[in-house]
Amino acid sequence: MTRLIIDTDPGIDDTFALVLACASPEVDLIGVTTVFGNVGLDRTTRNALRVLALCGREDVPVAAGADRPLVHPHAHRAGAVHGEDGLSGMADTLPERQTGLVGTDAVALMVRLLDSSPEPVTIVPIGPLTNVALLLAAHPSVRSKIERLVIMGGGLAGGNVTAAAEFNVWSDPEAARRVLVEEPVPTTLVPMDITTRCAVDLSWLDRLAASGPRGATLVRLTGTYRKHYQRTLGHEGMVIHDAVAVAEAIRPGLLRTSRMPVEVECGMGPARGATIADPREHRVRGEDAPREIDVAVDADLDEVRTFLLSGLTG
Ligand code: RIB
Ligand code: CA
């Protein structure tokens, strides 16, 4: 059984990631924390509650976290990709959850869950890394209770929100740098290079829609998102970045990783939010060398797509 905390900014692909976690019998989803990102914190939080209600999960504690980045203002959200409500304008069609937020903020909930967990917990950040950076800076003692971080973020060969930067890292580069460079916590980074290669097509979506009411609801939420990917992929389909990261958290090794240092550009120039990985064999190593993390670089793409579909359809 894998104990998970998911930190999220739903978001269409976040929604698929949350449903995958809820539908997976090998997952104990012990908490969900929300962060600004695709849309504002109020909407990401409302969407997270509704997605958990869709999955019948009144039991999972939810807490809201940061509504802004650590240092600089969030230049813009991703309403054009996910819809202004974060769910293609369909958020209100999802059920309201009876159980509201816990009485604490995201960091306090993560601390409580980690402290009380009988075994280390995998944290899956699938939005900006602000909450996780705050957690590790303010509560370094929880590091020993973290099995690993499985982070959806970064782009090794360019970005999606700018030519250089992927949205989650770009949204709070200072937070991303703290987590990816400074914090000694086992970390697997799932960048957009591999998640994009795992794009799903119309046939995959049709099978999900035909799988039952929950699958049909998920596909119904994807209108705005699929229009965006029709333009960027050049064909029907979409990239469920966050669900690929949760799939790796559920099935360690689903993605093939390589250990390497990753730096984050925090300047205010055109490369802000870029993730610079160093895969060179002959790079500087040893105690003065930069920290290395596991970066997902390859996978059996059809195996990932099959895992996602079977996981989402229960
Ligand atoms: O770049 C993709 C990431 O940014 C995903 O987490 C998506 O939900 C958006 O937040
Ligand atoms: Ca996300």
# chains A, B, ... in the order shown; residues from 1 in each chain; ligands from 1
call {"tool": "residues_near_ligand", "arguments": {"ligand": "ligand 2", "cutoff": "9 Å", "atoms": "only C-alpha atoms and all ligand atoms", "output": "PyMOL selection string"}}
result
chain A and resi 7-15+17+37-38+125-128+152-153+167-168+241-242
call {"tool": "write_last_selection", "arguments": {"atoms": "N, CA, C and O atoms", "output": "PDB file, in the first residue's frame"}}
result
ATOM      1  N   ASP A   7      -0.392  17.277  -3.738  1.00  0.00           N
ATOM      2  CA  ASP A   7      -0.472  18.745  -3.675  1.00  0.00           C
ATOM      3  C   ASP A   7      -0.798  19.227  -5.086  1.00  0.00           C
ATOM      4  O   ASP A   7      -0.042  18.942  -6.021  1.00  0.00           O
ATOM      5  N   THR A   8      -1.907  19.950  -5.235  1.00  0.00           N
ATOM      6  CA  THR A   8      -2.489  20.038  -6.575  1.00  0.00           C
ATOM      7  C   THR A   8      -3.145  21.385  -6.869  1.00  0.00           C
ATOM      8  O   THR A   8      -3.563  22.103  -5.967  1.00  0.00           O
ATOM      9  N   ASP A   9      -3.271  21.689  -8.175  1.00  0.00           N
ATOM     10  CA  ASP A   9      -3.935  22.921  -8.637  1.00  0.00           C
ATOM     11  C   ASP A   9      -4.960  22.583  -9.730  1.00  0.00           C
ATOM     12  O   ASP A   9      -4.869  23.034 -10.857  1.00  0.00           O
ATOM     13  N   PRO A  10      -5.998  21.784  -9.394  1.00  0.00           N
ATOM     14  CA  PRO A  10      -6.933  21.304 -10.436  1.00  0.00           C
ATOM     15  C   PRO A  10      -7.629  22.472 -11.145  1.00  0.00           C
ATOM     16  O   PRO A  10      -8.209  23.335 -10.513  1.00  0.00           O
ATOM     17  N   GLY A  11      -7.667  22.303 -12.461  1.00  0.00           N
ATOM     18  CA  GLY A  11      -6.832  21.649 -13.425  1.00  0.00           C
ATOM     19  C   GLY A  11      -7.374  20.277 -13.880  1.00  0.00           C
ATOM     20  O   GLY A  11      -7.770  19.443 -13.072  1.00  0.00           O
ATOM     21  N   ILE A  12      -7.385  20.163 -15.228  1.00  0.00           N
ATOM     22  CA  ILE A  12      -7.907  18.951 -15.869  1.00  0.00           C
ATOM     23  C   ILE A  12      -7.002  17.775 -15.601  1.00  0.00           C
ATOM     24  O   ILE A  12      -7.446  16.708 -15.125  1.00  0.00           O
ATOM     25  N   ASP A  13      -5.696  17.915 -15.853  1.00  0.00           N
ATOM     26  CA  ASP A  13      -4.835  16.737 -15.663  1.00  0.00           C
ATOM     27  C   ASP A  13      -4.667  16.417 -14.191  1.00  0.00           C
ATOM     28  O   ASP A  13      -4.487  15.254 -13.814  1.00  0.00           O
ATOM     29  N   ASP A  14      -4.768  17.453 -13.326  1.00  0.00           N
ATOM     30  CA  ASP A  14      -4.793  17.192 -11.887  1.00  0.00           C
ATOM     31  C   ASP A  14      -5.994  16.322 -11.527  1.00  0.00           C
ATOM     32  O   ASP A  14      -5.909  15.419 -10.697  1.00  0.00           O
ATOM     33  N   THR A  15      -7.120  16.609 -12.163  1.00  0.00           N
ATOM     34  CA  THR A  15      -8.348  15.854 -11.899  1.00  0.00           C
ATOM     35  C   THR A  15      -8.154  14.383 -12.252  1.00  0.00           C
ATOM     36  O   THR A  15      -8.502  13.489 -11.477  1.00  0.00           O
ATOM     37  N   ALA A  17      -5.361  12.873 -12.301  1.00  0.00           N
ATOM     38  CA  ALA A  17      -4.395  12.352 -11.326  1.00  0.00           C
ATOM     39  C   ALA A  17      -5.080  12.002 -10.012  1.00  0.00           C
ATOM     40  O   ALA A  17      -4.828  10.942  -9.422  1.00  0.00           O
ATOM     41  N   GLY A  37      -2.397  28.096  -9.124  1.00  0.00           N
ATOM     42  CA  GLY A  37      -1.675  27.594 -10.299  1.00  0.00           C
ATOM     43  C   GLY A  37      -2.488  27.764 -11.568  1.00  0.00           C
ATOM     44  O   GLY A  37      -2.615  28.864 -12.097  1.00  0.00           O
ATOM     45  N   ASN A  38      -3.079  26.683 -12.029  1.00  0.00           N
ATOM     46  CA  ASN A  38      -3.893  26.743 -13.252  1.00  0.00           C
ATOM     47  C   ASN A  38      -4.956  27.826 -13.144  1.00  0.00           C
ATOM     48  O   ASN A  38      -5.222  28.555 -14.107  1.00  0.00           O
ATOM     49  N   PRO A 125       3.654  16.432  -5.661  1.00  0.00           N
ATOM     50  CA  PRO A 125       3.304  17.803  -6.038  1.00  0.00           C
ATOM     51  C   PRO A 125       3.038  17.864  -7.542  1.00  0.00           C
ATOM     52  O   PRO A 125       3.917  17.518  -8.342  1.00  0.00           O
ATOM     53  N   ILE A 126       1.842  18.318  -7.924  1.00  0.00           N
ATOM     54  CA  ILE A 126       1.504  18.390  -9.359  1.00  0.00           C
ATOM     55  C   ILE A 126       1.046  19.803  -9.739  1.00  0.00           C
ATOM     56  O   ILE A 126       0.303  19.988 -10.702  1.00  0.00           O
ATOM     57  N   GLY A 127       1.487  20.761  -8.972  1.00  0.00           N
ATOM     58  CA  GLY A 127       1.268  22.183  -9.252  1.00  0.00           C
ATOM     59  C   GLY A 127       2.544  22.927  -8.879  1.00  0.00           C
ATOM     60  O   GLY A 127       3.599  22.317  -8.686  1.00  0.00           O
ATOM     61  N   PRO A 128       2.469  24.245  -8.757  1.00  0.00           N
ATOM     62  CA  PRO A 128       3.640  24.995  -8.289  1.00  0.00           C
ATOM     63  C   PRO A 128       4.118  24.460  -6.947  1.00  0.00           C
ATOM     64  O   PRO A 128       3.325  23.977  -6.147  1.00  0.00           O
ATOM     65  N   MET A 152       5.625  16.490 -10.718  1.00  0.00           N
ATOM     66  CA  MET A 152       5.394  16.790 -12.136  1.00  0.00           C
ATOM     67  C   MET A 152       5.891  18.223 -12.325  1.00  0.00           C
ATOM     68  O   MET A 152       5.347  19.164 -11.743  1.00  0.00           O
ATOM     69  N   GLY A 153       6.923  18.392 -13.162  1.00  0.00           N
ATOM     70  CA  GLY A 153       7.381  19.742 -13.415  1.00  0.00           C
ATOM     71  C   GLY A 153       8.658  19.762 -14.217  1.00  0.00           C
ATOM     72  O   GLY A 153       9.372  18.765 -14.326  1.00  0.00           O
ATOM     73  N   PHE A 167       5.083  25.116 -16.851  1.00  0.00           N
ATOM     74  CA  PHE A 167       4.188  25.951 -16.061  1.00  0.00           C
ATOM     75  C   PHE A 167       4.396  25.834 -14.550  1.00  0.00           C
ATOM     76  O   PHE A 167       4.439  26.848 -13.849  1.00  0.00           O
ATOM     77  N   ASN A 168       4.491  24.623 -14.004  1.00  0.00           N
ATOM     78  CA  ASN A 168       4.592  24.483 -12.540  1.00  0.00           C
ATOM     79  C   ASN A 168       5.852  25.149 -12.001  1.00  0.00           C
ATOM     80  O   ASN A 168       5.815  25.843 -10.996  1.00  0.00           O
ATOM     81  N   HIS A 241      -0.376  15.311 -17.922  1.00  0.00           N
ATOM     82  CA  HIS A 241       0.937  15.388 -17.258  1.00  0.00           C
ATOM     83  C   HIS A 241       0.882  14.815 -15.823  1.00  0.00           C
ATOM     84  O   HIS A 241       1.678  13.977 -15.444  1.00  0.00           O
ATOM     85  N   ASP A 242      -0.059  15.338 -15.030  1.00  0.00           N
ATOM     86  CA  ASP A 242      -0.086  15.026 -13.600  1.00  0.00           C
ATOM     87  C   ASP A 242      -0.413  13.563 -13.337  1.00  0.00           C
ATOM     88  O   ASP A 242       0.112  12.969 -12.371  1.00  0.00           O
TER      89      ASP A 242
END
call {"tool": "select_by_dssp", "arguments": {"residues": "range 168-225 of chain A", "states": "strand (DSSP E or B)", "output": "PyMOL selection string"}}
result
chain A and resi 187-190+200-201
call {"tool": "atom_distance", "arguments": {"atom1": "CA of Asp298 in chain A", "atom2": "CA of Val150 in chain A"}}
result
15.3 Å
call {"tool": "closest_residue", "arguments": {"among": "A:Lys145, A:Arg231, A:His76, A:Arg285", "to": "ligand 1", "atoms": "only C-alpha atoms and all ligand atoms"}}
result
A:His76
call {"tool": "closest_residue", "arguments": {"among": "A:Leu189, A:Leu308, A:Leu233, A:Leu18", "to": "Leu4 in chain A", "atoms": "only C-alpha atoms"}}
result
A:Leu18
call {"tool": "closest_residue", "arguments": {"among": "A:Ala80, A:Leu202, A:Val62, A:Leu114", "to": "ligand 1", "atoms": "only C-alpha atoms and all ligand atoms"}}
result
A:Ala80
call {"tool": "atom_distance", "arguments": {"atom1": "CA of Glu182 in chain A", "atom2": "CA of Ala137 in chain A"}}
result
10.0 Å
call {"tool": "residues_around", "arguments": {"residues": "Val284 in chain A", "least_positions_apart": "6", "cutoff": "12 Å", "atoms": "only C-alpha atoms", "output": "MDAnalysis selection string"}}
result
chainID A and resid 260:261 278 290:292
call {"tool": "write_last_selection", "arguments": {"atoms": "all heavy atoms", "output": "compact mmCIF listing (two decimals), in the first residue's frame"}}
result
# COMPACT_ATOMS: atom_id res chain seq x y z
N MET A 260 20.68 12.83 -12.03
CA MET A 260 21.44 13.97 -12.51
C MET A 260 21.06 15.21 -11.71
O MET A 260 19.97 15.27 -11.11
CB MET A 260 21.16 14.22 -14.00
CG MET A 260 19.73 14.57 -14.32
SD MET A 260 19.41 14.68 -16.10
CE MET A 260 19.19 12.95 -16.52
N PRO A 261 21.95 16.21 -11.67
CA PRO A 261 21.58 17.48 -11.03
C PRO A 261 20.64 18.28 -11.92
O PRO A 261 20.71 18.19 -13.15
CB PRO A 261 22.91 18.20 -10.85
CG PRO A 261 23.92 17.47 -11.64
CD PRO A 261 23.35 16.19 -12.15
N ASP A 278 21.71 18.24 -15.92
CA ASP A 278 23.08 17.98 -16.40
C ASP A 278 23.31 16.47 -16.50
O ASP A 278 23.78 15.84 -15.56
CB ASP A 278 24.10 18.59 -15.44
CG ASP A 278 25.52 18.48 -16.00
OD1 ASP A 278 25.69 17.82 -17.06
OD2 ASP A 278 26.45 19.02 -15.38
N PRO A 290 26.82 19.35 -7.24
CA PRO A 290 25.44 19.67 -6.91
C PRO A 290 24.63 18.40 -6.64
O PRO A 290 24.99 17.30 -7.10
CB PRO A 290 24.91 20.38 -8.16
CG PRO A 290 25.89 20.14 -9.24
CD PRO A 290 27.18 19.78 -8.61
N ARG A 291 23.59 18.55 -5.87
CA ARG A 291 22.70 17.43 -5.52
C ARG A 291 22.14 16.79 -6.78
O ARG A 291 21.81 17.48 -7.74
CB ARG A 291 21.55 17.98 -4.67
CG ARG A 291 20.45 16.98 -4.36
CD ARG A 291 19.26 17.68 -3.71
NE ARG A 291 18.16 16.74 -3.52
CZ ARG A 291 16.88 17.08 -3.70
NH1 ARG A 291 16.57 18.32 -4.01
NH2 ARG A 291 15.92 16.19 -3.53
N GLU A 292 22.02 15.45 -6.77
CA GLU A 292 21.42 14.76 -7.91
C GLU A 292 20.02 14.25 -7.53
O GLU A 292 19.79 13.86 -6.38
CB GLU A 292 22.30 13.57 -8.33
CG GLU A 292 23.66 14.01 -8.85
CD GLU A 292 24.50 12.84 -9.35
OE1 GLU A 292 24.13 11.68 -9.08
OE2 GLU A 292 25.53 13.10 -10.00
call {"tool": "closest_residue", "arguments": {"among": "A:Glu236, A:Glu166, A:Asp288, A:Asp300", "to": "Thr275 in chain A", "atoms": "only C-alpha atoms"}}
result
A:Glu166
call {"tool": "select_by_dssp", "arguments": {"residues": "range 6-234 of chain A", "states": "alpha helix (DSSP H)", "output": "ChimeraX atom specification"}}
result
/A:12-23,41-54,79-82,106-116,130-138,167-171,173-177,192-197,202-209,213-220,223-233
call {"tool": "closest_residue", "arguments": {"among": "A:Arg259, A:His139, A:Arg214, A:His82", "to": "Arg226 in chain A", "atoms": "only C-alpha atoms"}}
result
A:His82
call {"tool": "decode", "arguments": {"residues": "range 201-226 of chain A", "atoms": "N, CA and C atoms", "output": "PDB file, in the first residue's frame"}}
result
ATOM      1  N   ASP A 201      -4.774   9.510 -27.019  1.00  0.00           N
ATOM      2  CA  ASP A 201      -5.458   9.887 -28.254  1.00  0.00           C
ATOM      3  C   ASP A 201      -6.974   9.719 -28.112  1.00  0.00           C
ATOM      4  N   LEU A 202      -7.658   9.945 -29.218  1.00  0.00           N
ATOM      5  CA  LEU A 202      -9.122   9.915 -29.201  1.00  0.00           C
ATOM      6  C   LEU A 202      -9.642   8.519 -28.846  1.00  0.00           C
ATOM      7  N   SER A 203      -8.944   7.499 -29.332  1.00  0.00           N
ATOM      8  CA  SER A 203      -9.389   6.128 -29.029  1.00  0.00           C
ATOM      9  C   SER A 203      -9.311   5.863 -27.521  1.00  0.00           C
ATOM     10  N   TRP A 204      -8.237   6.317 -26.914  1.00  0.00           N
ATOM     11  CA  TRP A 204      -8.068   6.159 -25.453  1.00  0.00           C
ATOM     12  C   TRP A 204      -9.197   6.897 -24.719  1.00  0.00           C
ATOM     13  N   LEU A 205      -9.493   8.102 -25.158  1.00  0.00           N
ATOM     14  CA  LEU A 205     -10.557   8.893 -24.532  1.00  0.00           C
ATOM     15  C   LEU A 205     -11.914   8.231 -24.731  1.00  0.00           C
ATOM     16  N   ASP A 206     -12.139   7.679 -25.896  1.00  0.00           N
ATOM     17  CA  ASP A 206     -13.417   7.007 -26.158  1.00  0.00           C
ATOM     18  C   ASP A 206     -13.578   5.792 -25.232  1.00  0.00           C
ATOM     19  N   ARG A 207     -12.488   5.050 -25.022  1.00  0.00           N
ATOM     20  CA  ARG A 207     -12.578   3.892 -24.110  1.00  0.00           C
ATOM     21  C   ARG A 207     -12.823   4.340 -22.678  1.00  0.00           C
ATOM     22  N   LEU A 208     -12.232   5.462 -22.306  1.00  0.00           N
ATOM     23  CA  LEU A 208     -12.475   5.982 -20.943  1.00  0.00           C
ATOM     24  C   LEU A 208     -13.936   6.394 -20.815  1.00  0.00           C
ATOM     25  N   ALA A 209     -14.448   7.093 -21.820  1.00  0.00           N
ATOM     26  CA  ALA A 209     -15.842   7.571 -21.773  1.00  0.00           C
ATOM     27  C   ALA A 209     -16.820   6.402 -21.703  1.00  0.00           C
ATOM     28  N   ALA A 210     -16.455   5.307 -22.367  1.00  0.00           N
ATOM     29  CA  ALA A 210     -17.370   4.152 -22.442  1.00  0.00           C
ATOM     30  C   ALA A 210     -17.262   3.260 -21.201  1.00  0.00           C
ATOM     31  N   SER A 211     -16.307   3.583 -20.309  1.00  0.00           N
ATOM     32  CA  SER A 211     -16.035   2.680 -19.182  1.00  0.00           C
ATOM     33  C   SER A 211     -17.081   2.785 -18.078  1.00  0.00           C
ATOM     34  N   GLY A 212     -17.864   3.845 -18.088  1.00  0.00           N
ATOM     35  CA  GLY A 212     -18.872   4.012 -17.035  1.00  0.00           C
ATOM     36  C   GLY A 212     -19.077   5.470 -16.707  1.00  0.00           C
ATOM     37  N   PRO A 213     -19.949   5.765 -15.762  1.00  0.00           N
ATOM     38  CA  PRO A 213     -20.317   7.163 -15.465  1.00  0.00           C
ATOM     39  C   PRO A 213     -19.116   8.044 -15.091  1.00  0.00           C
ATOM     40  N   ARG A 214     -18.197   7.513 -14.283  1.00  0.00           N
ATOM     41  CA  ARG A 214     -17.070   8.368 -13.869  1.00  0.00           C
ATOM     42  C   ARG A 214     -16.152   8.667 -15.055  1.00  0.00           C
ATOM     43  N   GLY A 215     -15.909   7.678 -15.898  1.00  0.00           N
ATOM     44  CA  GLY A 215     -15.087   7.904 -17.087  1.00  0.00           C
ATOM     45  C   GLY A 215     -15.753   8.893 -18.017  1.00  0.00           C
ATOM     46  N   ALA A 216     -17.061   8.766 -18.167  1.00  0.00           N
ATOM     47  CA  ALA A 216     -17.800   9.695 -19.037  1.00  0.00           C
ATOM     48  C   ALA A 216     -17.728  11.112 -18.478  1.00  0.00           C
ATOM     49  N   THR A 217     -17.827  11.224 -17.155  1.00  0.00           N
ATOM     50  CA  THR A 217     -17.730  12.556 -16.536  1.00  0.00           C
ATOM     51  C   THR A 217     -16.354  13.162 -16.769  1.00  0.00           C
ATOM     52  N   LEU A 218     -15.315  12.354 -16.599  1.00  0.00           N
ATOM     53  CA  LEU A 218     -13.953  12.868 -16.802  1.00  0.00           C
ATOM     54  C   LEU A 218     -13.800  13.408 -18.221  1.00  0.00           C
ATOM     55  N   VAL A 219     -14.222  12.643 -19.196  1.00  0.00           N
ATOM     56  CA  VAL A 219     -14.057  13.086 -20.590  1.00  0.00           C
ATOM     57  C   VAL A 219     -14.890  14.332 -20.842  1.00  0.00           C
ATOM     58  N   ARG A 220     -16.029  14.422 -20.186  1.00  0.00           N
ATOM     59  CA  ARG A 220     -16.895  15.601 -20.376  1.00  0.00           C
ATOM     60  C   ARG A 220     -16.219  16.875 -19.865  1.00  0.00           C
ATOM     61  N   LEU A 221     -15.272  16.729 -18.942  1.00  0.00           N
ATOM     62  CA  LEU A 221     -14.590  17.900 -18.372  1.00  0.00           C
ATOM     63  C   LEU A 221     -13.485  18.439 -19.280  1.00  0.00           C
ATOM     64  N   THR A 222     -13.167  17.731 -20.360  1.00  0.00           N
ATOM     65  CA  THR A 222     -11.898  18.010 -21.055  1.00  0.00           C
ATOM     66  C   THR A 222     -12.019  18.960 -22.245  1.00  0.00           C
ATOM     67  N   GLY A 223     -13.183  19.552 -22.475  1.00  0.00           N
ATOM     68  CA  GLY A 223     -13.395  20.343 -23.694  1.00  0.00           C
ATOM     69  C   GLY A 223     -12.318  21.370 -23.986  1.00  0.00           C
ATOM     70  N   THR A 224     -12.143  22.313 -23.046  1.00  0.00           N
ATOM     71  CA  THR A 224     -11.168  23.400 -23.272  1.00  0.00           C
ATOM     72  C   THR A 224      -9.760  22.829 -23.421  1.00  0.00           C
ATOM     73  N   TYR A 225      -9.470  21.842 -22.570  1.00  0.00           N
ATOM     74  CA  TYR A 225      -8.128  21.235 -22.534  1.00  0.00           C
ATOM     75  C   TYR A 225      -7.808  20.558 -23.864  1.00  0.00           C
ATOM     76  N   ARG A 226      -8.804  19.856 -24.428  1.00  0.00           N
ATOM     77  CA  ARG A 226      -8.554  19.162 -25.698  1.00  0.00           C
ATOM     78  C   ARG A 226      -8.422  20.153 -26.857  1.00  0.00           C
TER      79      ARG A 226
END
